[in-house]
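Encoded as structure tokens, the structure appears first; notes follow it.
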Amino acid sequence: MKIKLNIWKQANAKAKGKFEKYELDDVDAEMSFLEMLDSLNEKLIKEGKEPVAFEHDCHEAICGCCSLYINGHPHGPGKETATCQVHMRSFKDGDTITVEPWRAKSFPVLKDLMVDRNAFDKLMAAGGFISIDAGQAPDANANLVGKIDADKAFDAAACIGCGACVAACKNSSATLFVAAKVSQLALLPQGKVEAKRRALNMVAKMDELGFGSCTNTGACEVECPKGIGIDFIAKLNREYLCASFSEAE
Amino acid sequence: MSKFFTSSIGQKFFMSITGLFLMLFLVVHLTINSLLLFGDGELFNRAANFMSSNPVMKIIEPILGIGFIVHILYAAFITLKNQMARPQGYKVANKSKASWASKNMFILGGLVLVFLVIHLANFFWKVKFGTVAAITIDGRELHDVYGLVAGLFKGWWWYNVIYIVGATFLFLHLTHSFWSAFQTIGWDNNKWIGRLKVIAYIYATIVAGGFAFIPLYFLIKYVV
């Protein structure tokens with residue numbers, strides 16, 4: 001199949017970028033989207049041109065590296081899929097595909113389609129962990145967790161930190177990401193101990209890093225490759241409000 | 001706690017609390033207004049005069065004003081801050097499935113505010129500071145608020161249209177704001193999210209539909 005591409009090209013973080021047009025004539029419908037970009041880059045290298053920089057790693061939708069905004073959707077077409085799971089059969093012969101990097105003040109473009117998502121690491125460092133002594137593996141039944149809480153925590157833990165929520169949100173808000181991390185740990189006995197401090201610190205860090213606030217449009221949950229729901233945002237709000245109104249730790 | 005007032009969730013909390021308060025006010029307002037539809041206006045005049053002279057309402061009135069101001073100022077501040085979070089936009093506009101109202105709450109709120117200014121100039125200002133004709137009911141001299149409302153709606157048909165359009169903006173604003181307010185204060189989960197959205201539509205239909213019905217009633221009965 002023939003594909004026309006409209007791809008954002010930017011030499012470095014400080015350079016002014018622009019869209020470049022490319023054409024591929026022999027795209028296999030069974031190729032993954034990333035393989036298609038690889039074939040484009042091979043072609044560009046043979047022609048002595050600069051290849052397109054994009055991020056990818058596991059190709060199994062668990063690392064959260066592939067972060068492309070394809071035709072108006074973070075991670076492209078399809079429900080609960082990361083860019084690496086998108087195949088060219090989702091497009092038609094002769095289609096024009098516009099590929100852009102995540103756009104947010106907190107995710108500056110490094111080169112072409114690659115953005116710096118270090119802001120998420122900073123958010124995690126602000127409280128997305130539990131402070132315990134790592135010793136021997138504890139007995140399997142030492143910490144009892146109810147089935148409902150365990151399932152819910154697992155749903156939240158499915159977040160791969162790809163940043164699609166930020167990319168989809170009209171406010172570039174990281175609330176769904178923070179909500180997933182705060183909820184996951186607050187639901188489990190090991191994480192409950194620091195739940196209040198975690199909610200306060202992660203929200204403060206989120207604001208400090210320049211992410212917008214949540215206005216409940218729900219665009220994030222629609223685009224989340226792991227189907228994290230905005231009910232976790234309600235839980236984050238609950239955790240944050242309770243922590244704010246209770247005694248200081 | 002000190003950070004609460006400046007944090008993103010804290011600011012949204014105040015948006016929600018003031019929003020819920022304003023939504024409660026709308027119900028009271030519509031209840032009184034619905035009396036316009038019954039009888040020759042005596043019922044509405046009694047109710048309107050009771051509301052304007054009641055000492056409890058004297059306390060609630062400034063609180064309501066503050067509610068509006070806090071809601072509007074926070075909305076402007078939050079929207080401005082949110083826009084700064086994405087200095088460079090997308091070439092292909094976001095196609096993520098989300099309700100139109102949810103993505104345009106600030107614009108809808110602005111349109112409701114424009115309507116509110118017209119509305120206050122039409123009635124509130126005149127009752128409070130202007131001269132409204134007096135009417136004697138049971139030997140007591142009261143403001144003829146019914147005459148003021150009916151005069152406006154019977155006299156200029158385009159006022160009826162303005163009020164119906166205003167109610168339409170309010171409807172769209174409320175479809176999102178009702179459930180969103182509960183979500184923001186944390187009173188939501190994966191079961192209630194669907195229910196709250198349905199209740200939001202019912203609430204918005206009753207309230208905005210009620211407000212639109214009154215000018216429509218005058219339009220059909222007296223103007224057409």
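Each chain in the structure tokens gets a letter, A, B, ..., in the order shown, and its residues are numbered from 1; ligands are numbered from 1 in order too.
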(request) Could you tell me, as JSON, numbers by chain, which residues of region 101-176 of chain B DSSP assigns to helix (DSSP H, G or I) when given the backbone? (result) {"B": [101, 102, 103, 105, 106, 107, 108, 109, 110, 111, 112, 113, 114, 115, 116, 117, 118, 119, 120, 121, 122, 123, 124, 125, 126, 127, 128, 129, 145, 146, 147, 148, 149, 150, 151, 152, 153, 154, 155, 157, 158, 159, 160, 161, 162, 163, 164, 165, 166, 167, 168, 169, 170, 171, 172, 173, 174, 175, 176]}
(request) List the neighbours of Asn45 (chain B) out to 8 Å using only C-alpha atoms; skip same-chain residues closer than 2 positions along the sequence, and give me the result as a PyMOL selection string. (result) chain B and resi 41-43+47-49+142-146
(message) Between A:Thr83, A:Thr215, A:Ala140, A:Glu60, which residue has the minimum interatomic distance to Phe106 (chain B), considering only C-alpha atoms?
(response) A:Thr215
(message) Please find the residues of chain B near chain A - the criterion being any atom within 9 Å, counting only C-alpha atoms - and write them as a ChimeraX atom specification.
(response) /B:1-4,7-10,12-13,78-79,81-103,105,176,180,182-191,193
Would you mind exporting C-alpha atoms of the selected residues as a PDB file, in the first residue's frame?
```pdb
ATOM      1  CA  MET B   1      -3.169  22.991  54.250  1.00  0.00           C
ATOM      2  CA  SER B   2      -1.665  26.312  53.153  1.00  0.00           C
ATOM      3  CA  LYS B   3      -0.803  24.777  49.779  1.00  0.00           C
ATOM      4  CA  PHE B   4      -4.399  23.643  49.339  1.00  0.00           C
ATOM      5  CA  SER B   7      -2.798  23.561  44.369  1.00  0.00           C
ATOM      6  CA  SER B   8      -4.570  22.373  41.217  1.00  0.00           C
ATOM      7  CA  ILE B   9      -6.895  20.044  43.139  1.00  0.00           C
ATOM      8  CA  GLY B  10      -7.545  22.698  45.796  1.00  0.00           C
ATOM      9  CA  LYS B  12     -10.838  22.733  41.520  1.00  0.00           C
ATOM     10  CA  PHE B  13     -12.329  21.928  44.920  1.00  0.00           C
ATOM     11  CA  ILE B  78      -7.389  27.792  36.014  1.00  0.00           C
ATOM     12  CA  THR B  79      -8.146  28.082  32.289  1.00  0.00           C
ATOM     13  CA  LYS B  81      -2.886  28.240  33.655  1.00  0.00           C
ATOM     14  CA  ASN B  82      -4.087  25.193  31.729  1.00  0.00           C
ATOM     15  CA  GLN B  83      -3.515  26.904  28.414  1.00  0.00           C
ATOM     16  CA  MET B  84       0.048  27.670  29.451  1.00  0.00           C
ATOM     17  CA  ALA B  85       0.668  23.936  29.947  1.00  0.00           C
ATOM     18  CA  ARG B  86       0.734  23.425  26.154  1.00  0.00           C
ATOM     19  CA  PRO B  87       2.602  26.315  24.498  1.00  0.00           C
ATOM     20  CA  GLN B  88       2.711  24.532  21.129  1.00  0.00           C
ATOM     21  CA  GLY B  89      -0.477  22.873  19.953  1.00  0.00           C
ATOM     22  CA  TYR B  90      -1.044  19.945  17.603  1.00  0.00           C
ATOM     23  CA  LYS B  91      -1.376  20.241  13.844  1.00  0.00           C
ATOM     24  CA  VAL B  92      -4.165  17.673  13.868  1.00  0.00           C
ATOM     25  CA  ALA B  93      -6.637  18.691  16.547  1.00  0.00           C
ATOM     26  CA  ASN B  94      -7.212  16.107  19.259  1.00  0.00           C
ATOM     27  CA  LYS B  95      -9.910  13.625  18.256  1.00  0.00           C
ATOM     28  CA  SER B  96     -10.166  11.866  21.628  1.00  0.00           C
ATOM     29  CA  LYS B  97     -13.780  11.107  22.418  1.00  0.00           C
ATOM     30  CA  ALA B  98     -14.921  13.612  25.020  1.00  0.00           C
ATOM     31  CA  SER B  99     -18.146  15.602  25.263  1.00  0.00           C
ATOM     32  CA  TRP B 100     -18.109  18.975  23.512  1.00  0.00           C
ATOM     33  CA  ALA B 101     -19.400  20.696  26.651  1.00  0.00           C
ATOM     34  CA  SER B 102     -16.578  19.260  28.785  1.00  0.00           C
ATOM     35  CA  LYS B 103     -13.985  20.710  26.420  1.00  0.00           C
ATOM     36  CA  MET B 105     -16.715  24.827  29.773  1.00  0.00           C
ATOM     37  CA  HIS B 176     -20.769  18.591  32.439  1.00  0.00           C
ATOM     38  CA  SER B 180     -17.796  16.909  37.292  1.00  0.00           C
ATOM     39  CA  PHE B 182     -18.920  15.312  42.350  1.00  0.00           C
ATOM     40  CA  GLN B 183     -15.882  13.809  40.625  1.00  0.00           C
ATOM     41  CA  THR B 184     -13.675  16.677  41.819  1.00  0.00           C
ATOM     42  CA  ILE B 185     -14.690  16.402  45.453  1.00  0.00           C
ATOM     43  CA  GLY B 186     -13.952  12.685  45.197  1.00  0.00           C
ATOM     44  CA  TRP B 187     -17.576  11.578  45.512  1.00  0.00           C
ATOM     45  CA  ASP B 188     -17.383   9.227  42.550  1.00  0.00           C
ATOM     46  CA  ASN B 189     -16.292   5.727  41.570  1.00  0.00           C
ATOM     47  CA  ASN B 190     -16.598   3.427  38.560  1.00  0.00           C
ATOM     48  CA  LYS B 191     -20.223   2.590  39.445  1.00  0.00           C
ATOM     49  CA  ILE B 193     -19.679   7.793  37.247  1.00  0.00           C
TER      50      ILE B 193
END
```
(request) Write out as a ChimeraX atom specification each polymer residue whose atoms come within 10 Å of region 44-58 of chain A, counting only C-alpha atoms; drop sequence neighbours fewer than 6 positions from it. (result) /A:7-11,20,22,34,37-38,64-68,83-84,101,110-115
(message) Which residues are close to Phe33 (chain A), i.e. within 7 Å by only C-alpha atoms, leaving aside same-chain residues fewer than 6 positions away? Reply as JSON, numbers by chain.
(response) {"A": [84, 86, 87, 88]}
(message) So that I can see what lies close to region 155-164 of chain B, please list as JSON, numbers by chain the residues with an atom at most 8 Å from it, counting only C-alpha atoms and leaving out residues fewer than 5 positions away in the same chain.
(response) {"B": [115, 211, 212, 213, 215, 216, 218, 219, 223]}
(message) Can you tell me which residues surround Ile60 (chain B) at a distance of at most 12 Å, considering only C-alpha atoms, apart from same-chain residues fewer than 6 positions away, and format the answer as an MDAnalysis selection string?
(response) chainID B and resid 21:22 25 51:54 66:67
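Proximity of A:Ala15, A:Ile148, A:Ala29, A:Val178 to Ile228 (chain A), computed with only C-alpha atoms, is greatest for A:Val178.
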(request) Could you find all residues in chain B that DSSP calls strand (DSSP E) from the backbone, and write them as a PyMOL selection string? (result) chain B and resi 134-137+140-143
(message) Using only C-alpha atoms, can you tell me which of B:Leu108, B:Val132, B:Ala150, B:Ile137 comes closest to Leu36 (chain B)?
(response) B:Ala150
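Distance annotation: of A:Ile3, A:Leu187, A:Lys181, A:Ala13, the residue with the minimal separation from Ser39 (chain A) is A:Ile3; atom set is only C-alpha atoms.
Between Ile97 (chain A) and the candidates A:Cys162, A:Ala180, A:Met202, A:Met36, the tightest atom-to-atom separation, counting only C-alpha atoms, involves A:Met36.
All residues of protein, DNA or RNA that reach within 12 Å of Ile199 (chain B), judged by only C-alpha atoms and not counting those fewer than 3 positions away in the chain, are Leu174, Thr175, His176, Ser177, Phe178, Trp179, Ser180, Phe182, Trp192, Ile193, Gly194, Arg195, Leu196, Ile202, Tyr203, Ala204, Thr205, Ile206 and Val207 of chain B.
Coordinates place CA of Gly166 (chain B) at a distance of 17.0 Å from CA of Ser34 (chain B).
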